[in-house]
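Pasting model-v4.txt here (compact mmCIF, C-alpha atoms and all ligand atoms):
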# COMPACT_ATOMS: atom_id res chain seq x y z
CA MET Y 1 -125.01 63.85 273.15
CA LEU Y 2 -121.41 64.44 272.26
CA TRP Y 3 -120.74 61.03 270.75
CA LEU Y 4 -123.55 61.21 268.19
CA ASN Y 5 -121.27 62.33 265.36
CA ARG Y 6 -119.07 59.25 266.00
CA VAL Y 7 -121.69 56.81 264.71
CA PRO Y 8 -121.59 56.50 260.93
CA ILE Y 9 -124.99 57.52 259.55
CA LEU Y 10 -124.74 56.72 255.86
CA LEU Y 11 -126.75 58.59 253.26
CA TYR Y 12 -127.83 56.89 250.05
CA HIS Y 13 -130.42 57.89 247.48
CA ARG Y 14 -130.60 55.39 244.61
CA ILE Y 15 -129.15 51.89 244.13
CA VAL Y 16 -129.01 51.02 240.43
CA ASN Y 17 -128.16 48.08 238.23
CA LEU Y 18 -126.79 50.10 235.30
CA PRO Y 19 -123.54 50.11 233.31
CA LEU Y 20 -120.73 52.27 234.70
CA ASP Y 21 -121.26 55.19 232.31
CA GLU Y 22 -124.89 55.55 233.41
CA ARG Y 23 -124.02 55.75 237.09
CA GLU Y 24 -123.23 59.14 238.50
CA GLY Y 25 -123.83 61.26 241.56
CA ILE Y 26 -126.44 59.68 243.76
CA ARG Y 27 -126.82 56.51 241.65
CA VAL Y 28 -124.76 53.91 243.49
CA GLY Y 29 -124.15 50.67 241.57
CA LEU Y 30 -125.59 47.48 243.01
CA ARG Y 31 -122.20 45.74 243.01
CA ASN Y 32 -120.62 48.61 244.96
CA PHE Y 33 -123.50 48.61 247.41
CA ARG Y 34 -123.09 44.88 248.05
CA ARG Y 35 -119.33 45.31 248.61
CA GLN Y 36 -120.04 48.16 251.03
CA MET Y 37 -122.56 46.08 253.04
CA ASN Y 38 -120.10 43.20 253.00
CA LEU Y 39 -117.37 45.45 254.44
CA LEU Y 40 -119.72 46.65 257.19
CA ALA Y 41 -120.60 43.06 258.15
CA TRP Y 42 -116.95 41.99 258.03
CA GLN Y 43 -115.94 44.90 260.27
CA GLY Y 44 -118.54 43.81 262.82
CA PHE Y 45 -121.03 46.65 262.39
CA LYS Y 46 -124.66 46.20 263.43
CA ALA Y 47 -127.18 48.27 261.48
CA VAL Y 48 -129.78 50.03 263.61
CA PRO Y 49 -132.67 52.34 262.68
CA LEU Y 50 -131.92 56.05 263.08
CA ASN Y 51 -134.07 56.55 266.20
CA ALA Y 52 -132.23 53.68 267.96
CA LEU Y 53 -129.32 56.11 268.43
CA LEU Y 54 -131.39 57.79 271.13
CA ASP Y 55 -131.86 54.52 273.06
CA LYS Y 56 -129.52 53.34 275.80
CA ASP Y 57 -128.81 49.79 274.64
CA LEU Y 58 -126.92 50.38 271.41
CA PRO Y 59 -124.75 47.60 269.94
CA LYS Y 60 -120.98 48.02 270.24
CA LYS Y 61 -120.45 49.06 266.62
CA PRO Y 62 -123.63 50.68 265.38
CA VAL Y 63 -124.14 51.97 261.84
CA VAL Y 64 -127.25 53.65 260.44
CA ILE Y 65 -128.06 53.13 256.77
CA THR Y 66 -130.44 55.78 255.41
CA PHE Y 67 -132.02 56.30 252.00
CA ASP Y 68 -133.62 59.60 250.99
CA ASP Y 69 -136.73 60.08 248.82
CA GLY Y 70 -137.91 56.42 248.73
CA TYR Y 71 -136.95 55.37 245.20
CA GLN Y 72 -138.38 52.07 243.97
CA ASP Y 73 -134.85 50.79 243.33
CA ASN Y 74 -134.42 50.69 247.13
CA TYR Y 75 -136.92 47.82 247.07
CA LEU Y 76 -135.66 46.20 243.86
CA TYR Y 77 -131.91 46.27 244.55
CA ALA Y 78 -131.03 47.44 248.07
CA PHE Y 79 -133.64 45.44 249.99
CA PRO Y 80 -132.45 41.97 248.85
CA VAL Y 81 -128.86 42.88 249.83
CA LEU Y 82 -129.98 44.26 253.21
CA LYS Y 83 -131.84 40.98 253.85
CA GLU Y 84 -128.77 38.97 252.86
CA TYR Y 85 -126.75 40.73 255.58
CA LYS Y 86 -129.67 40.94 258.04
CA PHE Y 87 -129.30 44.74 258.08
CA CYS Y 88 -132.08 47.18 258.74
CA ALA Y 89 -132.22 50.68 257.29
CA THR Y 90 -134.24 53.88 257.52
CA ILE Y 91 -135.95 55.18 254.37
CA PHE Y 92 -137.27 58.75 254.22
CA LEU Y 93 -140.45 59.03 252.16
CA VAL Y 94 -142.01 62.01 250.40
CA SER Y 95 -145.56 61.19 251.46
CA GLY Y 96 -147.39 63.04 248.68
CA HIS Y 97 -145.56 61.06 245.98
CA ILE Y 98 -145.75 57.48 247.31
CA GLY Y 99 -146.35 55.20 244.31
CA GLY Y 100 -145.57 58.11 241.94
CA THR Y 101 -142.37 59.67 240.64
CA ASN Y 102 -139.83 62.26 241.83
CA GLN Y 103 -141.68 65.21 240.30
CA TRP Y 104 -140.01 67.72 242.63
CA ASP Y 105 -136.64 67.19 240.97
CA SER Y 106 -136.50 69.55 237.97
CA GLN Y 107 -132.93 68.46 237.10
CA GLN Y 108 -133.95 64.85 236.49
CA LYS Y 109 -134.08 64.02 232.77
CA GLU Y 110 -136.67 61.29 233.24
CA PRO Y 111 -139.03 60.76 236.17
CA VAL Y 112 -137.89 58.01 238.54
CA ARG Y 113 -140.38 55.64 240.13
CA LEU Y 114 -140.86 55.79 243.88
CA LEU Y 115 -141.86 53.01 246.30
CA SER Y 116 -145.48 51.84 246.27
CA GLN Y 117 -147.55 51.29 249.40
CA ASP Y 118 -147.26 47.49 249.02
CA GLU Y 119 -143.48 47.65 248.69
CA ILE Y 120 -143.27 49.91 251.74
CA ARG Y 121 -145.42 47.54 253.80
CA GLU Y 122 -143.38 44.50 252.79
CA MET Y 123 -140.17 46.27 253.81
CA ALA Y 124 -141.73 47.51 257.07
CA ASP Y 125 -142.78 43.93 257.92
CA TYR Y 126 -139.15 42.85 257.54
CA GLY Y 127 -137.96 45.64 259.86
CA ILE Y 128 -136.99 48.50 257.58
CA SER Y 129 -137.97 51.71 259.36
CA PHE Y 130 -139.59 54.63 257.55
CA GLY Y 131 -139.15 58.30 258.29
CA ALA Y 132 -140.78 61.45 256.91
CA HIS Y 133 -139.25 63.69 254.24
CA THR Y 134 -142.26 66.08 253.94
CA VAL Y 135 -145.28 65.87 251.60
CA THR Y 136 -143.85 67.59 248.48
CA HIS Y 137 -140.06 67.92 249.06
CA PRO Y 138 -139.99 71.75 249.40
CA HIS Y 139 -137.22 74.06 250.62
CA LEU Y 140 -138.61 74.21 254.19
CA PRO Y 141 -136.82 77.37 255.45
CA GLN Y 142 -138.35 79.33 252.54
CA LEU Y 143 -141.97 78.47 253.44
CA THR Y 144 -144.34 80.31 255.77
CA ASP Y 145 -144.55 78.73 259.24
CA ASP Y 146 -148.06 77.40 258.54
CA ARG Y 147 -147.06 75.77 255.28
CA ALA Y 148 -143.85 74.31 256.73
CA PHE Y 149 -145.68 72.90 259.75
CA TYR Y 150 -148.26 71.31 257.42
CA GLU Y 151 -145.49 69.67 255.33
CA ILE Y 152 -143.90 68.27 258.51
CA THR Y 153 -146.98 67.03 260.39
CA GLN Y 154 -148.98 65.83 257.40
CA SER Y 155 -146.10 63.67 256.10
CA LYS Y 156 -145.87 62.04 259.55
CA ARG Y 157 -149.59 61.24 259.48
CA GLU Y 158 -149.63 59.94 255.91
CA ILE Y 159 -146.66 57.62 256.38
CA GLU Y 160 -148.02 56.32 259.68
CA GLU Y 161 -151.19 55.37 257.82
CA VAL Y 162 -149.21 53.34 255.28
CA VAL Y 163 -146.83 51.56 257.66
CA GLY Y 164 -149.21 51.26 260.61
CA LYS Y 165 -146.46 52.31 263.05
CA GLU Y 166 -145.43 55.55 264.66
CA VAL Y 167 -143.02 57.59 262.52
CA VAL Y 168 -140.37 59.20 264.73
CA SER Y 169 -137.57 60.28 262.40
CA PHE Y 170 -137.50 63.15 259.93
CA CYS Y 171 -135.20 64.27 257.14
CA TYR Y 172 -134.91 67.85 255.82
CA PRO Y 173 -135.23 68.09 252.02
CA TYR Y 174 -131.95 69.33 250.48
CA GLY Y 175 -130.53 69.18 254.03
CA GLU Y 176 -131.95 72.69 254.53
CA VAL Y 177 -132.89 73.54 258.10
CA SER Y 178 -133.38 76.70 260.15
CA LEU Y 179 -133.82 77.04 263.90
CA ARG Y 180 -137.57 77.53 263.39
CA VAL Y 181 -137.89 74.45 261.16
CA LYS Y 182 -136.01 72.38 263.73
CA GLU Y 183 -138.39 73.53 266.48
CA MET Y 184 -141.39 72.60 264.36
CA VAL Y 185 -140.03 69.09 263.74
CA ALA Y 186 -139.66 68.57 267.51
CA GLU Y 187 -143.11 70.05 268.11
CA ALA Y 188 -144.64 67.66 265.55
CA GLY Y 189 -143.51 64.72 267.71
CA PHE Y 190 -140.42 63.51 265.85
CA ARG Y 191 -137.59 62.24 268.06
CA CYS Y 192 -134.76 62.95 265.67
CA ALA Y 193 -133.94 64.46 262.28
CA CYS Y 194 -131.19 64.19 259.68
CA ALA Y 195 -129.21 66.91 257.99
CA CYS Y 196 -126.00 66.56 255.99
CA ASP Y 197 -123.68 68.52 258.30
CA THR Y 198 -120.75 66.37 259.50
CA GLU Y 199 -120.00 68.25 262.71
CA SER Y 200 -123.27 68.36 264.66
CA CYS Y 201 -124.22 66.23 267.68
CA ASP Y 202 -127.78 67.61 267.82
CA PRO Y 203 -130.46 64.85 267.61
CA TYR Y 204 -132.49 67.18 265.37
CA LYS Y 205 -129.56 67.82 263.05
CA LEU Y 206 -127.86 64.46 262.83
CA PRO Y 207 -124.80 64.44 260.59
CA ARG Y 208 -124.67 61.99 257.71
CA ARG Y 209 -121.90 60.69 255.50
CA GLN Y 210 -123.04 60.59 251.91
CA ILE Y 211 -122.11 57.70 249.61
CA PHE Y 212 -121.84 58.55 245.91
CA SER Y 213 -121.57 56.42 242.79
CA LYS Y 214 -117.84 57.24 242.65
CA THR Y 215 -117.11 56.48 246.33
CA SER Y 216 -114.35 53.83 246.27
CA LEU Y 217 -114.30 50.99 248.77
CA PHE Y 218 -111.39 52.72 250.51
CA GLY Y 219 -113.37 55.97 250.58
CA PHE Y 220 -116.28 54.03 252.07
CA TRP Y 221 -114.01 52.47 254.68
CA ARG Y 222 -112.91 55.97 255.71
CA LYS Y 223 -116.54 57.06 256.00
CA ILE Y 224 -117.39 54.31 258.48
CA GLN Y 225 -114.59 55.19 260.91
CA ARG Y 226 -115.14 56.97 264.23
CA TRP Y 227 -112.47 59.50 263.28
CA TYR Y 228 -114.18 60.54 260.04
CA PRO Y 229 -115.29 63.96 261.47
CA GLU Y 230 -111.64 64.80 262.35
CA TYR Y 231 -110.52 63.56 258.95
CA THR Y 232 -112.93 65.89 257.12
CA ARG Y 233 -111.88 68.81 259.32
CA LEU Y 234 -108.20 68.18 258.57
CA ARG Y 235 -108.87 67.80 254.88
CA LYS Y 236 -110.59 71.19 254.84
CA LEU Y 237 -107.48 72.70 256.45
CA TRP Y 238 -105.16 71.11 253.88
CA LYS Y 239 -107.26 72.47 251.07
CA ARG Y 240 -107.00 76.07 252.24
ZN ZN S 1 -134.71 64.38 249.26

Will you turn the file into structure tokens for me?
Ligand SMILES: [Zn+2]
Amino acid sequence: MLWLNRVPILLYHRIVNLPLDEREGIRVGLRNFRRQMNLLAWQGFKAVPLNALLDKDLPKKPVVITFDDGYQDNYLYAFPVLKEYKFCATIFLVSGHIGGTNQWDSQQKEPVRLLSQDEIREMADYGISFGAHTVTHPHLPQLTDDRAFYEITQSKREIEEVVGKEVVSFCYPYGEVSLRVKEMVAEAGFRCACACDTESCDPYKLPRRQIFSKTSLFGFWRKIQRWYPEYTRLRKLWKR
């Protein structure tokens, strides 16, 4: 599907309500997030869950809002804003750490709380969709086939048990994917999967546009344009 890289699929991790000097990298400030959602609404975008991209009846200006890892701040700060704008989103959960902390992240100074089962169910009832991001957040291409397949299928099962719905979208930890891993994700029954690559049109390697704490509103505006893939290609050429 050649047009798949035209739809902005946004990648967020955390939404925080912290002073400017404590926001960096993946910690997007709540005020910025609200301005970004406001811009999407004003530009006429309709937010759809990731798997809706594979359906025929897409709205005219679709956008997909994704969150990786399932941090509790998604519930505390992002969810109220999403409700305000009647937007849905897709959150990728690490099934073995639901209700716990992000123990897989050795660079984190303090553990960060992840969504609880109750919070996930409340969001699912509203229409937030949940996808799988493995059981333990490993580097999938480095695992044996058996171990990788367990991480992929077991996370699907565990999240389905929590949300009570079929889980059809997957997200590769660290964006790392090999041909074999991709095959296993399809074999496990997922309909689509996210990477971070901006060029691909493969439903099992969907490109995403990452939003950082320092992304300006103009930078965000660029990232929601259909021509963003060409823009990034040109920028790479200029930088040579
Ligand atoms: Zn992750």

Using all atoms listed in the file, find each residue of chain Y with at least one atom at most 6 Å away from an atom of ligand ZN 1 (chain S); report its shortest atom-to-atom pair and that distance in Å (one decimal), sort the rows by chain and rising residue number, and return the result as a tab-separated table.
residue	atom	partner	partner_atom	distance
Y:Asp68	CA	S:ZN1	ZN	5.2
Y:Asp69	CA	S:ZN1	ZN	4.8
Y:Pro173	CA	S:ZN1	ZN	4.7
Y:Tyr174	CA	S:ZN1	ZN	5.8

* To do: Name the closest residue to Y:Trp221 among the candidates Y:Val94, Y:Leu10, Y:Leu143, Y:Val167; distances are taken between atoms, counting only C-alpha atoms.
  =>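 Selected residue with least distance to Y:Trp221: Y:Leu10.
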
* Give as a PyMOL selection string every residue, naming chains and numbers as the document does, that has an atom within 6 Å of (-130.5, 54.7, 254.4), counting all atoms listed in the file. => chain Y and resi 11-12+65-67+89-91

* Could you pull the residues within 7 Å of Y:Tyr77, counting only C-alpha atoms, minus those fewer than 3 positions along the same chain, as a list in words? -> Ile15, Val16, Leu30, Asp73, Asn74, Pro80 and Val81 of chain Y

C-alpha atoms of the current selection, written as a PDB file, in the coordinates of the input:
ATOM      1  CA  ILE Y  15    -129.150  51.890 244.130  1.00  0.00           C
ATOM      2  CA  VAL Y  16    -129.010  51.020 240.430  1.00  0.00           C
ATOM      3  CA  LEU Y  30    -125.590  47.480 243.010  1.00  0.00           C
ATOM      4  CA  ASP Y  73    -134.850  50.790 243.330  1.00  0.00           C
ATOM      5  CA  ASN Y  74    -134.420  50.690 247.130  1.00  0.00           C
ATOM      6  CA  PRO Y  80    -132.450  41.970 248.850  1.00  0.00           C
ATOM      7  CA  VAL Y  81    -128.860  42.880 249.830  1.00  0.00           C
TER       8      VAL Y  81
END

* Asked: atom CA of Y:Ile152 to atom CA of Y:His13: how many Å, to one decimal?
  ->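 Taking atom CA of Y:Ile152 as the start and atom CA of Y:His13 as the end point, the length is 20.3 Å.
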
* To do: Would you list the residues near (-146.5, 63.1, 260.0), meaning any protein, DNA or RNA residue with an atom at most 12 Å from that point in file coordinates, counting all atoms listed in the file, as a PyMOL selection string?
  => chain Y and resi 92-96+130-135+148-163+165-171+184-190

* From the list Y:Ser178, Y:Val63, Y:Lys205, Y:Leu76, which residue is nearest Y:Phe45 when using only C-alpha atoms? ->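 Between Y:Ser178, Y:Val63, Y:Lys205, Y:Leu76, the residue approaching Y:Phe45 most closely is Y:Val63.
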
Where atoms are lacking, stretch 189-212 of chain Y completed to N, CA and C atoms, as a PDB file, in the coordinates of the input:
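Written output follows (part.pdb):
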ATOM      1  N   GLY Y 189    -143.600  66.013 267.047  1.00  0.00           N
ATOM      2  CA  GLY Y 189    -143.510  64.720 267.710  1.00  0.00           C
ATOM      3  C   GLY Y 189    -142.411  63.810 267.180  1.00  0.00           C
ATOM      4  N   PHE Y 190    -141.558  64.320 266.305  1.00  0.00           N
ATOM      5  CA  PHE Y 190    -140.420  63.510 265.850  1.00  0.00           C
ATOM      6  C   PHE Y 190    -139.360  63.483 266.956  1.00  0.00           C
ATOM      7  N   ARG Y 191    -138.642  62.350 267.042  1.00  0.00           N
ATOM      8  CA  ARG Y 191    -137.590  62.240 268.060  1.00  0.00           C
ATOM      9  C   ARG Y 191    -136.220  62.656 267.538  1.00  0.00           C
ATOM     10  N   CYS Y 192    -136.060  62.597 266.227  1.00  0.00           N
ATOM     11  CA  CYS Y 192    -134.760  62.950 265.670  1.00  0.00           C
ATOM     12  C   CYS Y 192    -134.921  63.347 264.194  1.00  0.00           C
ATOM     13  N   ALA Y 193    -133.891  64.027 263.674  1.00  0.00           N
ATOM     14  CA  ALA Y 193    -133.940  64.460 262.280  1.00  0.00           C
ATOM     15  C   ALA Y 193    -132.533  64.503 261.692  1.00  0.00           C
ATOM     16  N   CYS Y 194    -132.466  64.262 260.392  1.00  0.00           N
ATOM     17  CA  CYS Y 194    -131.190  64.190 259.680  1.00  0.00           C
ATOM     18  C   CYS Y 194    -130.916  65.432 258.862  1.00  0.00           C
ATOM     19  N   ALA Y 195    -129.674  65.870 258.914  1.00  0.00           N
ATOM     20  CA  ALA Y 195    -129.210  66.910 257.990  1.00  0.00           C
ATOM     21  C   ALA Y 195    -128.032  66.308 257.225  1.00  0.00           C
ATOM     22  N   CYS Y 196    -127.162  67.123 256.682  1.00  0.00           N
ATOM     23  CA  CYS Y 196    -126.000  66.560 255.990  1.00  0.00           C
ATOM     24  C   CYS Y 196    -124.690  67.013 256.611  1.00  0.00           C
ATOM     25  N   ASP Y 197    -124.791  67.928 257.575  1.00  0.00           N
ATOM     26  CA  ASP Y 197    -123.680  68.520 258.300  1.00  0.00           C
ATOM     27  C   ASP Y 197    -122.850  67.420 258.996  1.00  0.00           C
ATOM     28  N   THR Y 198    -121.529  67.439 258.872  1.00  0.00           N
ATOM     29  CA  THR Y 198    -120.750  66.370 259.500  1.00  0.00           C
ATOM     30  C   THR Y 198    -120.300  66.680 260.929  1.00  0.00           C
ATOM     31  N   GLU Y 199    -120.552  67.860 261.417  1.00  0.00           N
ATOM     32  CA  GLU Y 199    -120.000  68.250 262.710  1.00  0.00           C
ATOM     33  C   GLU Y 199    -120.984  68.146 263.886  1.00  0.00           C
ATOM     34  N   SER Y 200    -122.288  68.195 263.595  1.00  0.00           N
ATOM     35  CA  SER Y 200    -123.270  68.360 264.660  1.00  0.00           C
ATOM     36  C   SER Y 200    -123.482  67.110 265.520  1.00  0.00           C
ATOM     37  N   CYS Y 201    -123.846  67.331 266.789  1.00  0.00           N
ATOM     38  CA  CYS Y 201    -124.220  66.230 267.680  1.00  0.00           C
ATOM     39  C   CYS Y 201    -125.663  66.422 268.152  1.00  0.00           C
ATOM     40  N   ASP Y 202    -126.401  67.286 267.472  1.00  0.00           N
ATOM     41  CA  ASP Y 202    -127.780  67.610 267.820  1.00  0.00           C
ATOM     42  C   ASP Y 202    -128.709  66.534 267.254  1.00  0.00           C
ATOM     43  N   PRO Y 203    -129.562  65.900 268.111  1.00  0.00           N
ATOM     44  CA  PRO Y 203    -130.460  64.850 267.610  1.00  0.00           C
ATOM     45  C   PRO Y 203    -131.425  65.333 266.522  1.00  0.00           C
ATOM     46  N   TYR Y 204    -131.621  66.650 266.420  1.00  0.00           N
ATOM     47  CA  TYR Y 204    -132.490  67.180 265.370  1.00  0.00           C
ATOM     48  C   TYR Y 204    -131.681  67.739 264.195  1.00  0.00           C
ATOM     49  N   LYS Y 205    -130.395  67.391 264.169  1.00  0.00           N
ATOM     50  CA  LYS Y 205    -129.560  67.820 263.050  1.00  0.00           C
ATOM     51  C   LYS Y 205    -128.437  66.784 262.905  1.00  0.00           C
ATOM     52  N   LEU Y 206    -128.856  65.531 262.827  1.00  0.00           N
ATOM     53  CA  LEU Y 206    -127.860  64.460 262.830  1.00  0.00           C
ATOM     54  C   LEU Y 206    -127.013  64.486 261.569  1.00  0.00           C
ATOM     55  N   PRO Y 207    -125.699  64.364 261.739  1.00  0.00           N
ATOM     56  CA  PRO Y 207    -124.800  64.440 260.590  1.00  0.00           C
ATOM     57  C   PRO Y 207    -124.797  63.133 259.812  1.00  0.00           C
ATOM     58  N   ARG Y 208    -124.744  63.224 258.514  1.00  0.00           N
ATOM     59  CA  ARG Y 208    -124.670  61.990 257.710  1.00  0.00           C
ATOM     60  C   ARG Y 208    -123.463  62.015 256.784  1.00  0.00           C
ATOM     61  N   ARG Y 209    -123.046  60.840 256.396  1.00  0.00           N
ATOM     62  CA  ARG Y 209    -121.900  60.690 255.500  1.00  0.00           C
ATOM     63  C   ARG Y 209    -122.429  60.139 254.187  1.00  0.00           C
ATOM     64  N   GLN Y 210    -122.392  60.969 253.166  1.00  0.00           N
ATOM     65  CA  GLN Y 210    -123.040  60.590 251.910  1.00  0.00           C
ATOM     66  C   GLN Y 210    -122.160  59.663 251.051  1.00  0.00           C
ATOM     67  N   ILE Y 211    -122.794  58.643 250.502  1.00  0.00           N
ATOM     68  CA  ILE Y 211    -122.110  57.700 249.610  1.00  0.00           C
ATOM     69  C   ILE Y 211    -122.542  58.011 248.183  1.00  0.00           C
ATOM     70  N   PHE Y 212    -121.561  58.206 247.310  1.00  0.00           N
ATOM     71  CA  PHE Y 212    -121.840  58.550 245.910  1.00  0.00           C
ATOM     72  C   PHE Y 212    -121.482  57.373 245.006  1.00  0.00           C
TER      73      PHE Y 212
END
